[in-house]
file start_37.txt (compact mmCIF, C-alpha atoms)
# COMPACT_ATOMS: atom_id res chain seq x y z
CA MET K 1 17.38 -9.92 -11.77
CA ASP K 2 15.36 -12.47 -9.86
CA ILE K 3 13.64 -10.13 -7.40
CA LYS K 4 10.34 -9.72 -5.61
CA VAL K 5 8.78 -6.35 -4.87
CA CYS K 6 6.75 -6.47 -1.65
CA LYS K 7 4.21 -3.97 -0.42
CA PHE K 8 3.02 -4.05 3.19
CA GLY K 9 -0.24 -2.25 3.92
CA GLY K 10 -1.25 -0.22 6.95
CA SER K 11 -2.50 -3.20 8.95
CA SER K 12 0.84 -4.94 8.36
CA VAL K 13 2.87 -2.04 9.79
CA LYS K 14 0.43 -0.63 12.34
CA ASP K 15 2.56 -1.36 15.43
CA SER K 16 5.84 -2.90 16.58
CA SER K 17 4.56 -6.48 16.69
CA GLN K 18 3.37 -6.25 13.09
CA ILE K 19 6.62 -4.66 11.93
CA LYS K 20 8.51 -7.56 13.52
CA LYS K 21 6.37 -9.97 11.48
CA VAL K 22 7.29 -8.01 8.35
CA PHE K 23 10.97 -8.31 9.25
CA ASN K 24 10.69 -12.09 9.52
CA ILE K 25 8.86 -12.33 6.20
CA VAL K 26 11.52 -10.25 4.42
CA LYS K 27 14.40 -12.10 6.09
CA GLU K 28 13.18 -15.57 5.07
CA ASP K 29 13.35 -14.91 1.31
CA LYS K 30 16.46 -13.34 -0.22
CA LYS K 31 14.50 -12.46 -3.36
CA ARG K 32 12.49 -9.87 -1.41
CA ARG K 33 14.71 -6.93 -2.30
CA VAL K 34 12.28 -4.00 -2.55
CA ILE K 35 9.95 -3.32 0.39
CA VAL K 36 7.24 -0.66 0.01
CA VAL K 37 5.53 0.34 3.24
CA SER K 38 2.36 2.21 4.12
CA ALA K 39 1.61 4.56 6.98
CA PRO K 40 0.53 2.86 10.23
CA GLY K 41 -3.06 1.67 10.11
CA ARG K 42 -5.56 1.81 12.95
CA ASP K 43 -4.71 -0.26 16.01
CA GLU K 44 -6.05 -1.09 19.47
CA THR K 45 -5.18 2.38 20.77
CA TYR K 46 -6.19 4.57 17.82
CA ASP K 47 -9.52 4.08 16.04
CA GLU K 48 -8.54 6.25 13.06
CA LYS K 49 -5.66 5.82 10.66
CA ILE K 50 -2.62 8.08 10.96
CA THR K 51 -3.28 9.26 7.39
CA ASP K 52 -6.70 10.53 8.48
CA HIS K 53 -5.15 12.38 11.42
CA LEU K 54 -2.65 13.96 9.03
CA LEU K 55 -5.49 15.05 6.74
CA ASN K 56 -7.41 16.41 9.74
CA LEU K 57 -4.36 18.46 10.67
CA ALA K 58 -3.94 19.70 7.09
CA THR K 59 -7.59 20.77 6.85
CA ASN K 60 -7.66 22.38 10.29
CA GLY K 61 -10.15 19.86 11.62
CA ILE K 62 -12.56 19.82 8.69
CA HIS K 63 -11.79 16.21 7.72
CA PHE K 64 -13.11 14.68 10.94
CA PHE K 65 -15.78 17.35 11.42
CA GLU K 66 -17.38 16.33 8.11
CA GLN K 67 -17.51 12.75 9.37
CA LYS K 68 -19.04 13.91 12.67
CA ILE K 69 -15.98 12.73 14.57
CA GLN K 70 -15.01 14.98 17.47
CA ILE K 71 -11.25 15.17 17.02
CA THR K 72 -9.54 18.57 16.90
CA PRO K 73 -6.39 19.38 14.91
CA LYS K 74 -4.45 19.58 18.21
CA GLN K 75 -5.67 16.12 19.18
CA SER K 76 -4.64 14.77 15.76
CA TYR K 77 -1.22 16.39 16.17
CA ASP K 78 -0.74 14.67 19.53
CA VAL K 79 -1.89 11.30 18.16
CA ILE K 80 0.63 11.51 15.29
CA ILE K 81 3.54 12.42 17.56
CA ASN K 82 2.64 9.82 20.18
CA LYS K 83 2.15 7.09 17.58
CA PHE K 84 5.61 7.50 16.06
CA LYS K 85 7.19 7.97 19.50
CA LYS K 86 5.66 4.66 20.65
CA LEU K 87 6.87 2.88 17.51
CA CYS K 88 10.43 4.08 18.16
CA ASP K 89 10.26 3.10 21.83
CA ASP K 90 8.74 -0.32 21.20
CA LEU K 91 11.26 -1.12 18.46
CA LYS K 92 14.11 0.31 20.56
CA ILE K 93 15.44 2.68 17.93
CA GLU K 94 16.78 6.20 18.42
CA LYS K 95 13.83 8.59 18.28
CA THR K 96 15.27 12.06 18.90
CA GLY K 97 16.10 12.93 15.29
CA ILE K 98 12.97 11.30 13.87
CA LEU K 99 10.63 13.16 16.24
CA LYS K 100 12.45 16.45 15.74
CA ASP K 101 12.08 16.20 11.96
CA LEU K 102 8.46 15.05 12.26
CA LYS K 103 7.51 18.02 14.45
CA ALA K 104 9.22 20.40 12.03
CA ASP K 105 7.24 18.92 9.14
CA LEU K 106 3.93 19.07 11.00
CA ASP K 107 4.61 22.72 11.92
CA LYS K 108 5.67 23.76 8.43
CA LYS K 109 4.25 27.23 7.71
CA ASN K 110 5.13 27.91 4.07
CA LEU K 111 2.49 25.62 2.55
CA SER K 112 -1.25 26.01 2.03
CA GLY K 113 -4.16 24.43 0.17
CA VAL K 114 -3.61 21.20 -1.74
CA LYS K 115 0.17 21.50 -1.45
CA LYS K 116 -0.14 21.48 2.33
CA GLU K 117 -2.56 18.54 2.22
CA ALA K 118 -0.27 16.52 -0.04
CA PHE K 119 2.81 17.23 2.05
CA LEU K 120 1.20 16.30 5.37
CA LEU K 121 -0.55 13.26 3.91
CA SER K 122 2.83 11.91 2.79
CA ARG K 123 4.38 12.06 6.24
CA GLY K 124 2.80 8.83 7.48
CA GLU K 125 4.60 6.71 4.90
CA HIS K 126 7.73 8.88 5.05
CA TYR K 127 8.36 8.43 8.78
CA ASN K 128 7.13 4.85 9.00
CA ALA K 129 9.66 3.90 6.31
CA LYS K 130 12.43 5.64 8.27
CA ILE K 131 11.50 3.77 11.44
CA ILE K 132 11.18 0.41 9.69
CA ASN K 133 14.52 0.91 7.94
CA GLU K 134 16.26 1.62 11.25
CA TYR K 135 14.65 -1.39 12.93
CA PHE K 136 15.60 -3.71 10.07
CA LYS K 137 19.20 -2.46 10.25
CA ILE K 138 19.64 -3.03 13.97
CA SER K 139 18.00 -6.44 13.52
CA GLY K 140 20.61 -7.57 11.01
CA LEU K 141 19.29 -6.81 7.52
CA ASN K 142 21.40 -4.80 5.07
CA THR K 143 18.75 -2.20 4.23
CA LYS K 144 18.88 1.12 2.46
CA LEU K 145 16.17 3.77 2.68
CA LYS K 146 15.12 5.04 -0.75
CA LEU K 147 12.88 8.10 -0.60
CA PRO K 148 10.73 9.06 -3.62
CA GLU K 149 12.27 12.55 -3.58
CA ASP K 150 15.74 11.01 -3.88
CA PHE K 151 15.18 8.62 -6.78
CA LYS K 152 12.64 10.95 -8.45
CA PHE K 153 9.33 9.16 -8.35
CA ILE K 154 7.77 11.89 -10.48
CA LEU K 155 4.05 12.70 -10.33
CA ASN K 156 2.14 15.43 -12.12
CA GLU K 157 0.94 18.55 -10.28
CA ASN K 158 -2.48 17.19 -9.38
CA PHE K 159 -1.12 17.24 -5.84
CA CYS K 160 -3.69 15.07 -4.05
CA ASP K 161 -4.36 12.68 -6.93
CA GLY K 162 -0.99 12.60 -8.64
CA GLN K 163 -0.47 10.57 -11.78
CA ILE K 164 2.89 9.00 -12.55
CA GLU K 165 5.05 10.59 -15.24
CA ASN K 166 6.81 8.35 -17.76
CA GLU K 167 10.30 9.50 -16.78
CA THR K 168 9.78 7.85 -13.38
CA TYR K 169 10.32 4.38 -14.85
CA LYS K 170 13.79 5.28 -16.10
CA ASN K 171 14.59 6.95 -12.78
CA ILE K 172 13.69 3.75 -10.92
CA GLU K 173 15.65 1.57 -13.32
CA THR K 174 18.83 3.63 -12.92
CA ASN K 175 18.62 4.18 -9.15
CA PHE K 176 18.32 0.60 -7.94
CA SER K 177 21.56 -1.36 -8.29
CA PHE K 178 20.97 -4.34 -5.91
CA LYS K 179 24.53 -4.58 -4.65
CA ASP K 180 25.29 -7.70 -2.64
CA ASP K 181 22.37 -8.47 -0.32
CA GLU K 182 21.01 -4.91 -0.06
CA VAL K 183 17.28 -4.54 0.60
CA TYR K 184 15.56 -1.27 -0.30
CA ILE K 185 12.91 0.26 2.01
CA ILE K 186 10.57 2.68 0.24
CA PRO K 187 7.66 4.76 1.54
CA GLY K 188 4.62 4.31 -0.69
CA PHE K 189 1.81 6.67 -1.68
CA TYR K 190 3.80 9.79 -2.53
CA GLY K 191 6.22 11.23 -5.04
CA VAL K 192 7.47 14.62 -6.16
CA THR K 193 6.59 16.92 -9.03
CA LYS K 194 9.15 18.09 -11.57
CA ASN K 195 9.55 21.15 -9.32
CA ASN K 196 10.46 18.83 -6.42
CA GLU K 197 7.23 19.49 -4.50
CA ILE K 198 5.55 16.63 -2.62
CA ALA K 199 2.48 15.12 -4.29
CA VAL K 200 0.44 12.07 -3.32
CA MET K 201 -1.56 9.56 -5.30
CA SER K 202 -5.13 8.57 -4.47
CA ARG K 203 -5.78 6.78 -1.16
CA GLY K 204 -4.38 3.29 -1.35
CA GLY K 205 -1.49 4.71 -3.34
CA SER K 206 1.12 2.50 -1.69
CA ASP K 207 -0.27 -0.29 -3.87
CA LEU K 208 0.42 1.93 -6.87
CA THR K 209 3.99 2.60 -5.75
CA GLY K 210 4.64 -1.12 -5.46
CA GLY K 211 3.07 -1.94 -8.82
CA GLU K 212 4.96 0.78 -10.68
CA ILE K 213 8.30 -0.19 -9.12
CA ALA K 214 7.69 -3.86 -9.95
CA TYR K 215 6.99 -2.84 -13.55
CA ALA K 216 10.03 -0.55 -13.83
CA LEU K 217 12.36 -3.22 -12.44
CA ASP K 218 10.71 -6.05 -14.40
CA ALA K 219 10.29 -7.95 -11.14
CA ASP K 220 9.52 -11.65 -11.10
CA LEU K 221 6.71 -11.17 -8.61
CA TYR K 222 4.81 -8.39 -6.85
CA GLU K 223 3.72 -9.48 -3.37
CA ASN K 224 0.93 -7.46 -1.80
CA TRP K 225 0.83 -8.19 1.95
CA THR K 226 -2.29 -7.35 3.89
CA ASP K 227 -4.45 -8.76 6.72
CA THR K 228 -6.39 -11.30 4.68
CA ASN K 229 -5.35 -14.65 3.22
CA GLY K 230 -6.20 -13.51 -0.30
CA VAL K 231 -9.29 -13.00 -2.41
CA TYR K 232 -12.22 -15.05 -1.16
CA GLU K 233 -14.86 -16.77 -3.26
CA VAL K 234 -17.46 -14.71 -1.44
CA ASP K 235 -17.40 -12.12 1.34
CA PRO K 236 -16.25 -14.07 4.45
CA ARG K 237 -18.23 -11.67 6.64
CA ILE K 238 -21.34 -13.15 5.04
CA ILE K 239 -20.22 -16.76 4.46
CA ASN K 240 -18.04 -17.88 7.37
CA ASP K 241 -16.41 -20.87 5.66
CA ALA K 242 -15.60 -19.10 2.37
CA ASN K 243 -12.41 -20.31 0.69
CA VAL K 244 -9.58 -18.28 -0.77
CA ILE K 245 -9.38 -18.31 -4.57
CA PRO K 246 -5.89 -19.70 -5.36
CA ARG K 247 -5.64 -18.21 -8.88
CA LEU K 248 -7.31 -15.31 -10.66
CA THR K 249 -6.70 -13.60 -13.96
CA PHE K 250 -6.32 -9.84 -14.20
CA LYS K 251 -9.63 -9.74 -16.05
CA GLU K 252 -11.41 -11.64 -13.29
CA ILE K 253 -10.04 -9.47 -10.49
CA ARG K 254 -11.11 -6.38 -12.47
CA LEU K 255 -14.66 -7.70 -12.72
CA LEU K 256 -14.76 -8.64 -9.04
CA SER K 257 -13.22 -5.31 -7.97
CA SER K 258 -15.91 -3.39 -9.83
CA LYS K 259 -18.56 -5.27 -7.88
CA GLY K 260 -17.31 -4.85 -4.35
CA PHE K 261 -14.04 -6.79 -3.94
CA ASN K 262 -11.71 -4.20 -2.40
CA VAL K 263 -8.45 -6.04 -1.85
CA PHE K 264 -6.07 -3.47 -3.29
CA HIS K 265 -5.89 -0.53 -5.67
CA PHE K 266 -7.02 -1.71 -9.11
CA ASN K 267 -4.69 0.65 -11.03
CA ALA K 268 -1.73 -1.03 -9.33
CA MET K 269 -2.33 -4.02 -11.60
CA LEU K 270 -2.28 -2.26 -14.96
CA ASN K 271 1.45 -2.21 -15.74
CA CYS K 272 2.00 -5.57 -14.02
CA LYS K 273 -0.56 -7.01 -16.41
CA LYS K 274 1.22 -5.37 -19.34
CA SER K 275 4.53 -7.00 -18.37
CA LYS K 276 2.93 -10.26 -17.20
CA ILE K 277 4.24 -9.79 -13.66
CA PRO K 278 2.19 -12.00 -11.29
CA ILE K 279 0.68 -10.39 -8.20
CA ASN K 280 0.48 -12.49 -5.04
CA ILE K 281 -1.91 -11.32 -2.31
CA ARG K 282 -0.62 -12.63 1.04
CA ASN K 283 -1.46 -12.37 4.73
CA THR K 284 1.18 -10.86 7.03
CA ASN K 285 -0.48 -12.62 9.96
CA ASN K 286 -0.49 -16.00 8.20
CA PRO K 287 2.58 -16.09 5.94
CA SER K 288 2.44 -19.85 5.45
CA ASN K 289 -0.76 -19.41 3.43
CA LYS K 290 -0.02 -19.14 -0.31
CA GLY K 291 -2.72 -16.51 -0.83
CA THR K 292 -4.19 -15.58 -4.20
CA MET K 293 -2.03 -15.38 -7.33
CA ILE K 294 -3.20 -12.96 -10.02
CA LEU K 295 -2.00 -14.01 -13.48
CA ASN K 296 -2.50 -13.10 -17.13
CA GLU K 297 -3.79 -16.61 -17.80
CA ARG K 298 -4.93 -19.33 -15.48
CA VAL K 299 -4.88 -23.08 -16.06
CA PRO K 300 -6.87 -25.07 -15.14
CA MET K 301 -10.10 -23.09 -15.21
CA GLU K 302 -12.22 -23.26 -12.06
CA ASP K 303 -15.94 -23.69 -12.68
CA LEU K 304 -16.78 -20.81 -10.35
CA VAL K 305 -14.33 -18.05 -9.50
CA GLY K 306 -16.10 -15.76 -7.05
CA ILE K 307 -19.30 -14.07 -6.03
CA ALA K 308 -19.28 -10.32 -5.38
CA LYS K 309 -22.07 -8.21 -3.95
CA LEU K 310 -23.02 -4.55 -4.03
CA ASP K 311 -26.24 -3.25 -2.54
CA ASN K 312 -29.14 -3.24 -5.02
CA MET K 313 -27.14 -4.85 -7.82
CA ALA K 314 -26.12 -8.35 -8.85
CA SER K 315 -23.76 -9.12 -11.74
CA ILE K 316 -23.28 -12.52 -13.36
CA HIS K 317 -20.30 -13.06 -15.69
CA ILE K 318 -20.21 -16.39 -17.57
CA GLN K 319 -17.24 -17.33 -19.74
CA LYS K 320 -16.89 -20.36 -21.99
CA ASN K 321 -15.15 -21.09 -25.28
CA MET K 322 -17.13 -19.43 -28.08
CA LEU K 323 -19.46 -17.86 -25.55
CA GLY K 324 -19.29 -14.60 -23.67
CA MET K 325 -22.17 -13.51 -21.51
CA ARG K 326 -22.68 -10.97 -18.80
CA LEU K 327 -25.95 -10.33 -17.02
CA VAL K 328 -26.48 -7.37 -14.69
CA LEU K 329 -29.59 -7.21 -12.53
CA LEU K 330 -30.67 -4.02 -10.81
CA LEU K 331 -32.61 -4.95 -7.73
CA ASN K 332 -34.94 -2.79 -5.69
CA TYR K 333 -35.54 -3.61 -2.06
call {"tool": "encode", "arguments": {"input": "start_37.txt", "output": "structure tokens"}}
result
Amino acid sequence: MDIKVCKFGGSSVKDSSQIKKVFNIVKEDKKRRVIVVSAPGRDETYDEKITDHLLNLATNGIHFFEQKIQITPKQSYDVIINKFKKLCDDLKIEKTGILKDLKADLDKKNLSGVKKEAFLLSRGEHYNAKIINEYFKISGLNTKLKLPEDFKFILNENFCDGQIENETYKNIETNFSFKDDEVYIIPGFYGVTKNNEIAVMSRGGSDLTGGEIAYALDADLYENWTDTNGVYEVDPRIINDANVIPRLTFKEIRLLSSKGFNVFHFNAMLNCKKSKIPINIRNTNNPSNKGTMILNERVPMEDLVGIAKLDNMASIHIQKNMLGMRLVLLLNY
């Protein structure tokens, strides 16, 4: 089928105004049939991400204590509840059932250790997807919530760094039918083990969810929506008038990622590269911008692709027909 898989990161779904932007982006293109969402990112009210509050709750306060941040587990609990309550109120959706289930999950007593961490970490994406699905429905889109535990997004039992199992691809293929104009809403980042226990991937795992679903469905395009116009030629925090690179190859983004470009989870590209599925990095706050397209091959070749920087190291990669050269300089300051 001619479909696009779209992943919206934490900054794209951090509050009601951002979620409304996501709705408009999805509505304007009927090919956007699979929507993977993250947990809410930090916003003007909360300096820390909801995922960090969930981890602080799971570790009984150790997570923030180790970062010398004075936030107790009780304070994290209140932030989580208040955040999702505000989302429901601002989007004008029924909150009673969502908050009741959320509180029951946060108070779950039969888990400990990494299983408890994985379960609580997954709740940000889980409940944000439920809220977004309800808002999209009342706003006129024919959406269906697809939870990883329902369509069996299987991960191994490395609970806080789960790796996808091969059977997951068949499960995805057989569980997505695309009837009529139906749009699927999926929480990213987590899956279940073969014993049906919640496991999560590494941080940034919503990118992985999107990439693996795009691969399993042989999507035409994987759109990765964030808060930047794409991949810049150089860090725009250093060079104010830096331009977005319109096209990159998978090889080039790998080289840039290893030297400080942190646009999205590198492993999310691997199966897309294998199936030659393009990845388009777009800006939720500037959807008219075409962003950066990541391709297996790029024509024409730009003379200079990008400049990446890590402290105390510079890397120069030069490519030309019949010539391959890479120079790494270790610098001491």
call {"tool": "atom_distance", "arguments": {"input": "start_37.txt", "atom1": "CA of Asn224 (chain K)", "atom2": "CA of Ile281 (chain K)"}}
result
4.8 Å
call {"tool": "closest_residue", "arguments": {"input": "start_37.txt", "among": "K:Asn271, K:Thr45, K:Asn229, K:Asn283", "to": "Ile164 (chain K)", "atoms": "only C-alpha atoms"}}
result
K:Asn271
call {"tool": "residues_around", "arguments": {"input": "start_37.txt", "residues": "Val183 (chain K)", "least_positions_apart": "5", "cutoff": "6 Å", "atoms": "only C-alpha atoms", "output": "NGL selection string"}}
result
:K and (33-34 or 143)
call {"tool": "atom_distance", "arguments": {"input": "start_37.txt", "atom1": "CA of Ser12 (chain K)", "atom2": "CA of Thr284 (chain K)"}}
result
6.1 Å
call {"tool": "residues_around", "arguments": {"input": "start_37.txt", "residues": "Tyr222 (chain K)", "least_positions_apart": "4", "cutoff": "6 Å", "atoms": "only C-alpha atoms", "output": "PyMOL selection string"}}
result
chain K and resi 4-6+279
call {"tool": "residues_around", "arguments": {"input": "start_37.txt", "residues": "Glu297 (chain K)", "least_positions_apart": "3", "cutoff": "12 Å", "atoms": "only C-alpha atoms", "output": "NGL selection string"}}
result
:K and (247-253 or 273 or 276-278 or 293-294 or 300-301)
